[in-house]
Each structure stands twice: as structure tokens, then as C-alpha cells.
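Next comes entry20.txt, with compact mmCIF, C-alpha atoms.
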```txt
# COMPACT_ATOMS: atom_id res chain seq x y z
CA MET A 216 -29.42 -6.64 5.80
CA ASN A 217 -29.06 -2.94 5.01
CA ALA A 218 -27.88 -1.46 1.72
CA LEU A 219 -24.40 -0.72 3.06
CA ASP A 220 -23.83 -4.37 3.98
CA GLU A 221 -24.72 -5.31 0.42
CA ASP A 222 -22.13 -2.94 -1.09
CA GLU A 223 -19.18 -4.94 -2.43
CA TYR A 224 -16.63 -2.29 -1.41
CA PHE A 225 -18.03 -2.08 2.11
CA ARG A 226 -17.72 -5.86 2.45
CA VAL A 227 -14.01 -5.55 1.58
CA LEU A 228 -13.68 -2.79 4.20
CA LYS A 229 -15.29 -5.05 6.81
CA SER A 230 -12.86 -7.81 5.92
CA PHE A 231 -9.96 -5.33 6.13
CA TYR A 232 -11.05 -4.09 9.57
CA GLY A 233 -11.04 -7.68 10.78
CA LYS A 234 -7.33 -8.06 10.03
CA SER A 235 -4.71 -7.72 12.75
CA ILE A 236 -0.97 -7.55 13.23
CA ILE A 237 -1.21 -8.46 16.90
CA LEU A 238 1.13 -11.42 16.41
CA GLU A 239 3.78 -9.18 14.83
CA ASP A 240 6.17 -6.65 16.39
CA PRO A 241 5.97 -3.48 14.26
CA ALA A 242 8.75 -1.88 16.32
CA ASP A 243 11.11 -4.37 14.66
CA PHE A 244 9.87 -3.74 11.11
CA HIS A 245 12.16 -1.83 8.77
CA PRO A 246 10.99 1.78 9.24
CA VAL A 247 10.78 2.75 5.55
CA ILE A 248 9.05 -0.45 4.49
CA TYR A 249 6.67 -0.21 7.46
CA PHE A 250 5.79 3.36 6.48
CA TYR A 251 4.92 2.24 2.94
CA PHE A 252 2.98 -0.75 4.28
CA LEU A 253 0.78 1.59 6.34
CA ASP A 254 0.68 4.10 3.50
CA SER A 255 -0.62 1.44 1.11
CA LEU A 256 -3.28 0.39 3.60
CA ALA A 257 -4.32 4.04 3.96
CA HIS A 258 -4.64 4.43 0.18
CA ILE A 259 -6.63 1.21 -0.06
CA GLU A 260 -8.93 2.32 2.75
CA TYR A 261 -9.36 5.79 1.26
CA THR A 262 -10.21 4.39 -2.16
CA LEU A 263 -12.65 1.85 -0.74
CA ASN A 264 -14.29 4.51 1.43
CA SER A 265 -14.70 6.79 -1.57
CA PHE A 266 -16.60 3.99 -3.33
CA ALA A 267 -18.65 2.91 -0.29
CA PHE A 268 -19.50 6.24 1.37
CA ASN A 269 -20.58 9.72 0.33
CA TYR A 270 -17.62 11.96 -0.55
CA GLN A 271 -18.56 14.39 2.24
CA SER A 272 -19.05 11.74 4.92
CA PRO A 273 -17.06 12.42 8.11
CA LYS A 274 -15.06 9.24 7.45
CA ASN A 275 -13.92 10.48 4.04
CA ILE A 276 -13.21 13.98 5.33
CA MET A 277 -11.02 12.59 8.14
CA ASN A 278 -9.23 10.26 5.73
CA ARG A 279 -8.44 13.15 3.37
CA GLU A 280 -6.94 15.12 6.25
CA TYR A 281 -4.72 12.19 7.18
CA MET A 282 -3.67 11.69 3.56
CA ARG A 283 -2.68 15.36 3.27
CA TRP A 284 -0.54 15.03 6.40
CA ARG A 285 1.25 11.93 5.13
CA ILE A 286 2.46 13.72 1.98
CA ASP A 287 5.00 15.55 4.14
CA GLU A 288 5.82 12.37 6.05
CA GLU A 289 6.73 10.63 2.80
CA LYS A 290 9.57 13.13 2.29
CA LYS A 291 11.31 12.41 5.61
CA ASP A 292 14.50 10.43 6.18
CA GLU A 293 15.03 7.57 3.71
CA ARG A 294 11.37 7.28 2.70
CA PRO A 295 11.85 8.98 -0.71
CA LEU A 296 14.10 6.04 -1.71
CA PHE A 297 11.24 3.53 -1.71
CA PRO A 298 9.91 4.05 -5.28
CA GLY A 299 13.45 3.75 -6.67
CA PHE A 300 13.97 0.64 -4.56
CA ILE A 301 10.94 -1.04 -6.13
CA ASN A 302 12.26 -0.30 -9.64
CA TRP A 303 15.74 -1.48 -8.64
CA LEU A 304 14.21 -4.74 -7.40
CA LYS A 305 12.41 -5.18 -10.71
CA LYS A 306 15.74 -4.98 -12.54
CA GLU A 307 18.14 -6.59 -10.06
CA ASN A 308 15.93 -9.16 -8.35
CA PRO A 309 12.87 -9.92 -10.55
CA GLU A 310 11.79 -12.88 -8.42
CA LYS A 311 11.62 -10.71 -5.30
CA PHE A 312 9.84 -7.98 -7.28
CA GLU A 313 7.21 -10.49 -8.41
CA SER A 314 6.68 -11.60 -4.81
CA LEU A 315 5.87 -8.05 -3.67
CA PRO A 316 2.26 -7.08 -3.03
CA ILE A 317 0.55 -6.18 -6.32
CA LEU A 318 -0.17 -2.64 -5.19
CA TRP A 319 3.54 -1.89 -4.78
CA ARG A 320 4.34 -3.46 -8.15
CA VAL A 321 1.79 -1.39 -10.04
CA ILE A 322 2.02 1.93 -8.20
CA TYR A 323 5.80 2.28 -8.00
CA ASP A 324 6.84 0.62 -11.27
CA ARG A 325 7.83 3.52 -13.53
CA GLU A 326 6.64 1.57 -16.57
CA ASN A 327 3.11 1.11 -15.19
CA PRO A 328 0.53 3.91 -15.55
CA ALA A 329 -1.04 3.15 -12.15
CA SER A 330 -0.70 5.86 -9.52
CA TYR A 331 -2.33 7.55 -6.59
CA ARG A 332 -4.63 10.29 -7.91
CA SER A 333 -6.06 12.61 -5.29
CA PHE A 334 -5.12 9.88 -2.81
CA ARG A 335 -7.23 7.28 -4.66
CA ILE A 336 -5.72 4.26 -6.35
CA SER A 337 -5.92 4.53 -10.12
CA LEU A 338 -4.78 1.43 -11.99
CA ASP A 339 -5.56 2.90 -15.41
CA PRO A 340 -5.83 6.71 -15.52
CA THR A 341 -7.61 6.53 -18.90
CA SER A 342 -10.39 4.24 -17.65
CA LEU A 343 -13.70 5.49 -16.31
CA SER A 344 -14.55 2.12 -14.80
CA PRO A 345 -14.21 1.59 -11.05
CA ILE A 346 -11.58 -0.84 -9.83
CA PRO A 347 -13.28 -4.16 -9.01
CA ALA A 348 -13.71 -4.83 -5.30
CA SER A 349 -11.88 -8.12 -5.78
CA PHE A 350 -8.67 -6.21 -6.57
CA PHE A 351 -8.77 -4.57 -3.13
CA HIS A 352 -9.57 -7.84 -1.41
CA ASP A 353 -6.63 -9.56 -3.11
CA ALA A 354 -4.28 -6.62 -2.46
CA LEU A 355 -5.14 -6.65 1.24
CA GLU A 356 -4.66 -10.40 1.47
CA GLU A 357 -1.12 -10.01 0.06
CA PHE A 358 -0.22 -7.44 2.71
CA PHE A 359 -1.35 -9.74 5.52
CA THR A 360 0.48 -12.96 4.66
CA PRO A 361 2.98 -14.39 7.15
CA ALA A 362 5.64 -14.41 4.40
CA PHE A 363 5.19 -10.69 3.76
CA PHE A 364 5.45 -9.82 7.45
CA LYS A 365 8.49 -12.07 7.84
CA SER A 366 10.23 -10.19 4.99
CA ILE A 367 9.81 -6.67 6.43
CA TYR A 368 11.50 -7.14 9.79
CA ASN A 369 14.89 -5.45 10.17
CA GLY A 370 17.48 -7.84 8.75
CA ALA A 371 14.90 -9.91 6.85
CA SER A 372 14.92 -10.41 3.09
CA LEU A 373 13.08 -7.30 1.86
CA ALA A 374 14.59 -5.08 4.55
CA SER A 375 18.10 -6.32 3.69
CA LEU A 376 17.51 -5.67 0.00
CA PHE A 377 16.37 -2.13 0.80
CA GLU A 378 19.60 -1.56 2.74
CA GLU A 379 21.60 -2.99 -0.17
CA TYR A 380 19.80 -0.61 -2.54
CA ARG A 381 20.36 2.35 -0.20
CA LYS A 382 24.10 1.65 -0.07
CA SER A 383 24.30 1.12 -3.84
CA ILE A 384 23.05 4.66 -4.47
CA GLY A 385 25.21 6.17 -1.73
CA ALA A 386 22.34 7.21 0.51
```
Could you express the structure from this file as C-alpha cells?
Amino acid sequence: MNALDEDEYFRVLKSFYGKSIILEDPADFHPVIYFYFLDSLAHIEYTLNSFAFNYQSPKNIMNREYMRWRIDEEKKDERPLFPGFINWLKKENPEKFESLPILWRVIYDRENPASYRSFRISLDPTSLSPIPASFFHDALEEFFTPAFFKSIYNGASLASLFEEYRKSIGA
């Protein structure tokens, strides 16, 4: 076994790369929620890669270029509504909020200090400790549950709540 295979973050990456949505139909996913699903996966991958590989590795350089591109993509159409939607869910539908993937709950909750910093996930901006690999493993598992996928199809529970939120703010 080489040193990379022994790295805990690399093992999470290998597990992530083994996941698939082949049994799903992404064309029928709610477009805003699907964007943030992929966006979250990109942030997870970028953060894991930054822990597992040299900062100047081609993989990290390519990921940074993608992440820069997606900043503009986040501003298109109804995508800017997503952070407000998460906070609206927390207030109006706490049970649904609690069922969301942990990454969405911590990153978009205005009361939580977690954020994306230079594209990396930062759960506690004041901490110098790395995020445990187990957090990423658990976060990825939440994004790949059948219940989560079922909720993000157009007309499904989370997608319907997003549309309700959008109408409630007149967007």
C-alpha cells in the first residue's frame, strides 16, 4: 500500500468516486437544488483534495479553475435564492431543515459561522484544526441517500418547498 492510500482524506475521495447517480434522472431534478447539490460535491472534493494532494498539483489547479467559474454560475436565474430558502426552511419547516444534508445546514444557516473560504469548507473559521475526514464521509453519505434524491425531483418535497419559498418572496 502506498502512502496516498493510507491518507484518511484520500480514502474518503476514493469512496466518493465510487458513488453514482446512474439510477437517477438528473434532468428531472429541480434545477436550483441540483446546482447546489453539485456545488456542494465540488466544495467537498476541493477541500478533500487540498488535504490529500499538494496545493500545486494539477488536480487542485483544475479544481480551483472550476470553482472560480462556478462563482458566476451561482448568480444566474433563481440560484441566489437558495441560501435564503435554507434559512426559511429552518424557521418555517424545522423538521425538513433537520433532514437536509449537514453541509447545507451549516454552510447556509446565517446563525452558523461555517462557510466556504477560498472554496474550502470551513466549519469553524477560528479553528486551526483540520476538519476530520469522517465529517466528509458522513456529508457525502447524506447526499447519496435514496430519500435525498427522491426529494429533489421537480414536484417532490424539497423542490415543492423551494417553489413555495420562491413565491412567498415574490421571485
Distance query Lys229 of chain A at most 12 Å, all atoms listed in the file, self and fewer than 2 positions along chain excluded, as a PyMOL selection string
chain A and resi 219-227+231-234+260+263-264+267+351-352+355
What's around segment 359-370 of chain A at 7 Å? Count all atoms listed in the file, leave out sequence neighbours fewer than 3 positions away in its own chain, and write the answer as a list of chain:residue names.
A:Asp243, A:Phe244, A:His245, A:Ile248, A:Leu355, A:Glu356, A:Leu373, A:Ala374, A:Ser375
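Comparing the minimum interatomic distances between Glu289 of chain A and each of A:Pro241, A:Leu338, A:Leu253, A:Leu228, counting all atoms listed in the file, we find that A:Leu253 sits nearest.
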Exercise: Ile336 of chain A partners within 8 Å, only C-alpha atoms, chain neighbours under 3 positions left out, as a ChimeraX atom specification
/A:258-259,262,329-332
Test item: residues at most 12 Å from Ile322 of chain A, all atoms listed in the file, excluding those fewer than 4 positions along its chain, as a ChimeraX atom specification:
/A:251,254-255,258-259,297-299,301-302,315-318,326-332,334-340
Export of the given selection (C-alpha atoms) as a compact mmCIF listing (two decimals), in the coordinates of the input:
```
# COMPACT_ATOMS: atom_id res chain seq x y z
CA TYR A 251 4.92 2.24 2.94
CA ASP A 254 0.68 4.10 3.50
CA SER A 255 -0.62 1.44 1.11
CA HIS A 258 -4.64 4.43 0.18
CA ILE A 259 -6.63 1.21 -0.06
CA PHE A 297 11.24 3.53 -1.71
CA PRO A 298 9.91 4.05 -5.28
CA GLY A 299 13.45 3.75 -6.67
CA ILE A 301 10.94 -1.04 -6.13
CA ASN A 302 12.26 -0.30 -9.64
CA LEU A 315 5.87 -8.05 -3.67
CA PRO A 316 2.26 -7.08 -3.03
CA ILE A 317 0.55 -6.18 -6.32
CA LEU A 318 -0.17 -2.64 -5.19
CA GLU A 326 6.64 1.57 -16.57
CA ASN A 327 3.11 1.11 -15.19
CA PRO A 328 0.53 3.91 -15.55
CA ALA A 329 -1.04 3.15 -12.15
CA SER A 330 -0.70 5.86 -9.52
CA TYR A 331 -2.33 7.55 -6.59
CA ARG A 332 -4.63 10.29 -7.91
CA PHE A 334 -5.12 9.88 -2.81
CA ARG A 335 -7.23 7.28 -4.66
CA ILE A 336 -5.72 4.26 -6.35
CA SER A 337 -5.92 4.53 -10.12
CA LEU A 338 -4.78 1.43 -11.99
CA ASP A 339 -5.56 2.90 -15.41
CA PRO A 340 -5.83 6.71 -15.52
```
Please write out, as JSON, where the centre of an axis-aligned box around all listed atoms of segment 315-330 of chain A lies and how long its edges are, in Å to one decimal, after adding 6 Å on each side.
```
{"center_x": 3.4, "center_y": -1.1, "center_z": -9.8, "size_x": 20.9, "size_y": 25.9, "size_z": 25.5}
```
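You can rank A:Ala257, A:Ser333, A:Ser230, A:Tyr380 by their closest distance to Tyr281 of chain A using all atoms listed in the file, and at the top of that list sits A:Ala257.
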Kindly reconstruct segment 320-332 of chain A with N, CA and C atoms and present the result as a compact mmCIF listing (two decimals), in the coordinates of the input.
```txt
# COMPACT_ATOMS: atom_id res chain seq x y z
N ARG A 320 3.83 -3.22 -6.79
CA ARG A 320 4.34 -3.46 -8.15
C ARG A 320 3.71 -2.52 -9.16
N VAL A 321 2.43 -2.24 -9.03
CA VAL A 321 1.79 -1.39 -10.04
C VAL A 321 1.97 0.09 -9.77
N ILE A 322 1.93 0.50 -8.51
CA ILE A 322 2.02 1.93 -8.20
C ILE A 322 3.43 2.46 -8.40
N TYR A 323 4.43 1.74 -7.98
CA TYR A 323 5.80 2.28 -8.00
C TYR A 323 6.62 1.89 -9.22
N ASP A 324 6.15 0.98 -10.03
CA ASP A 324 6.84 0.62 -11.27
C ASP A 324 6.71 1.78 -12.25
N ARG A 325 7.84 2.36 -12.62
CA ARG A 325 7.83 3.52 -13.53
C ARG A 325 7.20 3.22 -14.88
N GLU A 326 7.18 1.96 -15.27
CA GLU A 326 6.64 1.57 -16.57
C GLU A 326 5.13 1.31 -16.53
N ASN A 327 4.54 1.38 -15.35
CA ASN A 327 3.11 1.11 -15.19
C ASN A 327 2.38 2.44 -15.01
N PRO A 328 1.25 2.64 -15.67
CA PRO A 328 0.53 3.91 -15.55
C PRO A 328 -0.22 4.09 -14.23
N ALA A 329 -0.31 3.05 -13.43
CA ALA A 329 -1.04 3.15 -12.15
C ALA A 329 -0.39 4.19 -11.26
N SER A 330 -1.21 4.84 -10.44
CA SER A 330 -0.70 5.86 -9.52
C SER A 330 -1.77 6.17 -8.48
N TYR A 331 -1.37 7.00 -7.53
CA TYR A 331 -2.33 7.55 -6.59
C TYR A 331 -2.78 8.88 -7.17
N ARG A 332 -4.06 9.05 -7.37
CA ARG A 332 -4.63 10.29 -7.91
C ARG A 332 -5.59 10.85 -6.88
```
